[in-house]
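Take a look at the structure set out below.
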Amino acid sequence: MIFIKFLPYGRQYIDKNDVKEVLKVLKSDFITQGPKIEEFERKLADYCNSEYAVAFNSGTSALHGAYFAFGLKQGDEIITSPNTFVATSNAALYLDAKPIFTDIEKETGNMDVSKVEEKITDKTKLVVPVHYSGNPVDLKELHKIVEENEIKVIEDAAHAIGAQYNGENIGNSRYSEMSIFSFHPVKHITTGEGGAVLTNNEDYYEKLMMFRSHGITKNHFINESDGDWYYEMHYLGFNYRITDIQTALGLSQLKKLDEFVRRRRNIAKLYEASFEDNPFFDTVIEKYHCKSSYHLYPILIKDEYKDQKEEIFLRLRKEGLGVQVHYIPVYLQPYYQKLGYKMGSCPRSENFYQKEISIPMYPSMDNEDVNYVIKKIYKVFESL
C-alpha cells in the first residue's frame with residue numbers, strides 16, 4: 001500500500017496548553033455562561049484596540065447580531081461582495097433586507113471600492129466589505145464614499161483576525177460600526193465553532209448582548225423589577241451563546257495568534273518566491289495599505305488553463321493536496337437565483353471563480369510540507 005501525504009487547505013492547531021485550559025473549565029463550576037466568556041471578550045477587544053467585543057456561537061450568528069444591532073430591517077439594502085461565504089448576505093435576508101452585490105478587484109478578490117457608489121440607492125443602509133483571504137479592503141477609501149452618502153460600514157473580517165490596515169489591527173472599527181470574526185477551525189484561531197462582533201458603540205454592545213441570549217436583559221428594565229430574579233425580554237433574540245469551554249480554548253489560542261500569523265506570512269513568502277513568473281497561474285497581491293493574515297492562499301489559473309480547472313483540482317487532490325475553491329459567487333446559488341439574482345451581474349467575480357484554487361495554508365505546515373505543495377503543484381501543471 002502506497003502512503004500519500006495529505007495536506008488540507010487549512011486546519012486548526014491545538015497544543016497541550018489548549019487542552020489544559022479546556023480541561024480546567026470542564027472541572028470548574030461553569031462550563032457555559034461563566035467568567036471565561038467575558039475574559040475572552042475583553043482580551044479580544046484589547047488585541048484589536050476596540051472598546052467592546054461580544055462572542056457568539058458562530059461567525060454567522062455574529063453577522064446576524066451585527067446587522068440586528070445596527071437596525072437593519074425589511075426594505076433596507078446592503079452592498080457586499082459576492083466573493084464570500086453565503087453567510088455574509090444570508091444574515092441580511094434573515095432580517096428581510098436585500099443584499100446588493102458589487103464586483104471585485106481581479107488582483108485581490110476584494111470588493112472593488114470604486115464600484116460601490118454606482119450601487120447605492122435610497123434604500124442602502126450598509127456596505128459590508130469582506131476582507132477576502134485575510135487581505136484588508138481599502139477601508140479609508142470606502143469610508144469616504146459611505147460618509148458622503150450617509151451610509152455605514154460593517155466589516156466581515158471572518159478571514160482577517162491578525163491582519164492589519166495602515167498599521168492597525170483589523171477589528172478596531174475605526175472606519176466601521178462593527179467588525180465580525182469567525183473562529184471556525186480553519187481560521188487563524190478557533191473556539192471549535194464561534195465568532196465575535198467588535199464595536200466602539202455602547203448601544204450596539206448592549207443590543208448584541210441581548211440578541212445572543214433570546215433578547216433578554218437582567219440590567220436595563222422597562223417595568224419595575226419584582227426582585228433579584230427578574231429579567232425582561234426586549235427583542236426577539238436567539239440562543240447564539242458561546243460556552244466557557246469554547247472561550248477557554250479561544251483565550252489559549254489568542255496567545256498564539258501573532259505567531260500563527262507570522263508563520264502564515266512566512267509560508268506565503270516561500271510560495272511567492274517559488275511561484276514568481278510561473279506560466280501557469282497568478283497569485284493574489286497584497287496592496288501597500290495591507291498586511292494580510294493569509295487565511296487562504298489563492299492561486300488564479302491563467303486564461304489558457306482555466307477550462308481545465310476541474311481536471312487540475314482533481315489531480316491536485318490525487319497528489320495529496322486538499323485544495324478548495326473560494327468561492328462560488330453567492331448570487332449563483334439556486335436559492336439566490338430564485339430570488340431573481342442573475343448570472344453576469346459581477347463578471348470579475350465569475351471570472352475569479354473560474355480561476356481560483358486555494359492551496360494549503362496553515363501554521364503547523366513545516367518547510368518540508370511547503371516544498372511538497374510546491375513540487376506537487378508544478379507536477380500537475382507541467383503535466384497538462
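Residues are referred to by chain and number: the chain letter is A, B, ... according to the order shown in the C-alpha cells, the number counts from 1 in that chain, and ligands are numbered separately from 1 in the order shown.
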Contact table range 265-379 of chain A vs range 168-179 of chain A, cut-off 12 Å, shortest pair per residue, only C-alpha atoms, as CSV:
```
residue,atom,partner,partner_atom,distance
A:His289,CA,A:Glu168,CA,10.1
A:Cys290,CA,A:Glu168,CA,9.5
A:Lys291,CA,A:Asn169,CA,9.2
A:Ser292,CA,A:Ile170,CA,10.0
A:Ser293,CA,A:Ile170,CA,9.9
```
Quiz item: Just asking: which residues within range 53-280 of chain A are alpha helix (DSSP H) according to DSSP, as a PyMOL selection string?
Solution: chain A and resi 59-70+87-93+139-148+202-211+244-254+257-275
Sorted by chain and rising residue number, which residues of range 28-146 of chain A lie within 9 Å of range 322-340 of chain A, and what are their closest atom pairs and distances in Å to one decimal, counting only C-alpha atoms, as a Markdown table?
```
| residue | atom | partner | partner_atom | distance |
| --- | --- | --- | --- | --- |
| A:Ser81 | CA | A:Val330 | CA | 8.5 |
| A:Pro82 | CA | A:Pro329 | CA | 4.8 |
| A:Asn83 | CA | A:Pro329 | CA | 5.3 |
| A:Thr84 | CA | A:Tyr327 | CA | 6.0 |
| A:Phe85 | CA | A:Tyr327 | CA | 6.8 |
| A:Val86 | CA | A:Val330 | CA | 5.8 |
| A:Ser89 | CA | A:Val330 | CA | 8.1 |
| A:Phe101 | CA | A:Tyr331 | CA | 7.9 |
| A:Ser133 | CA | A:His326 | CA | 8.8 |
```
Self-check item: Computed interatomic separation between CA of Arg42 in chain A and CA of Leu249 in chain A (Å)
Solution: 14.7 Å
Practice problem: Would you mind telling me which residue in A:Val284, A:Leu314, A:Ile359, A:Met233 lies nearest to Gly134 in chain A when using only C-alpha atoms? | Solution: A:Val284
Quiz prompt | Contacts of range 255-259 of chain A at 9 Å (only C-alpha atoms; same-chain gap of 3+ positions) as number ranges by chain | solution = A: 161-162, 188-189, 250-252, 262-264, 363
With N, CA and C atoms retained, could you export that selection as a PDB file, in the first residue's frame?
```pdb
ATOM      1  N   ILE A 161      -8.682  38.174  11.236  1.00  0.00           N
ATOM      2  CA  ILE A 161      -8.112  38.480  12.541  1.00  0.00           C
ATOM      3  C   ILE A 161      -6.583  38.374  12.432  1.00  0.00           C
ATOM      4  N   GLY A 162      -5.888  39.342  13.006  1.00  0.00           N
ATOM      5  CA  GLY A 162      -4.430  39.374  12.913  1.00  0.00           C
ATOM      6  C   GLY A 162      -3.900  40.130  11.717  1.00  0.00           C
ATOM      7  N   HIS A 188      -7.781  31.524  11.806  1.00  0.00           N
ATOM      8  CA  HIS A 188      -6.489  31.726  12.479  1.00  0.00           C
ATOM      9  C   HIS A 188      -6.465  31.196  13.905  1.00  0.00           C
ATOM     10  N   ILE A 189      -7.528  31.457  14.663  1.00  0.00           N
ATOM     11  CA  ILE A 189      -7.695  30.842  15.970  1.00  0.00           C
ATOM     12  C   ILE A 189      -9.071  30.197  15.995  1.00  0.00           C
ATOM     13  N   GLY A 250     -10.408  29.579  23.127  1.00  0.00           N
ATOM     14  CA  GLY A 250     -10.135  30.832  22.423  1.00  0.00           C
ATOM     15  C   GLY A 250      -9.079  31.673  23.113  1.00  0.00           C
ATOM     16  N   LEU A 251      -9.120  31.746  24.437  1.00  0.00           N
ATOM     17  CA  LEU A 251      -8.122  32.512  25.190  1.00  0.00           C
ATOM     18  C   LEU A 251      -6.727  31.929  24.995  1.00  0.00           C
ATOM     19  N   SER A 252      -6.625  30.608  25.032  1.00  0.00           N
ATOM     20  CA  SER A 252      -5.335  29.957  24.825  1.00  0.00           C
ATOM     21  C   SER A 252      -4.833  30.168  23.399  1.00  0.00           C
ATOM     22  N   ARG A 262       2.511  35.175  11.806  1.00  0.00           N
ATOM     23  CA  ARG A 262       3.908  35.230  11.320  1.00  0.00           C
ATOM     24  C   ARG A 262       4.227  34.016  10.465  1.00  0.00           C
ATOM     25  N   ARG A 263       3.816  32.841  10.943  1.00  0.00           N
ATOM     26  CA  ARG A 263       4.113  31.624  10.186  1.00  0.00           C
ATOM     27  C   ARG A 263       3.363  31.612   8.856  1.00  0.00           C
ATOM     28  N   ARG A 264       2.104  32.017   8.865  1.00  0.00           N
ATOM     29  CA  ARG A 264       1.349  32.087   7.605  1.00  0.00           C
ATOM     30  C   ARG A 264       2.043  33.020   6.614  1.00  0.00           C
ATOM     31  N   PRO A 363      -0.566  27.235   9.953  1.00  0.00           N
ATOM     32  CA  PRO A 363       0.712  27.475  10.629  1.00  0.00           C
ATOM     33  C   PRO A 363       1.504  26.235  11.018  1.00  0.00           C
TER      34      PRO A 363
END
```
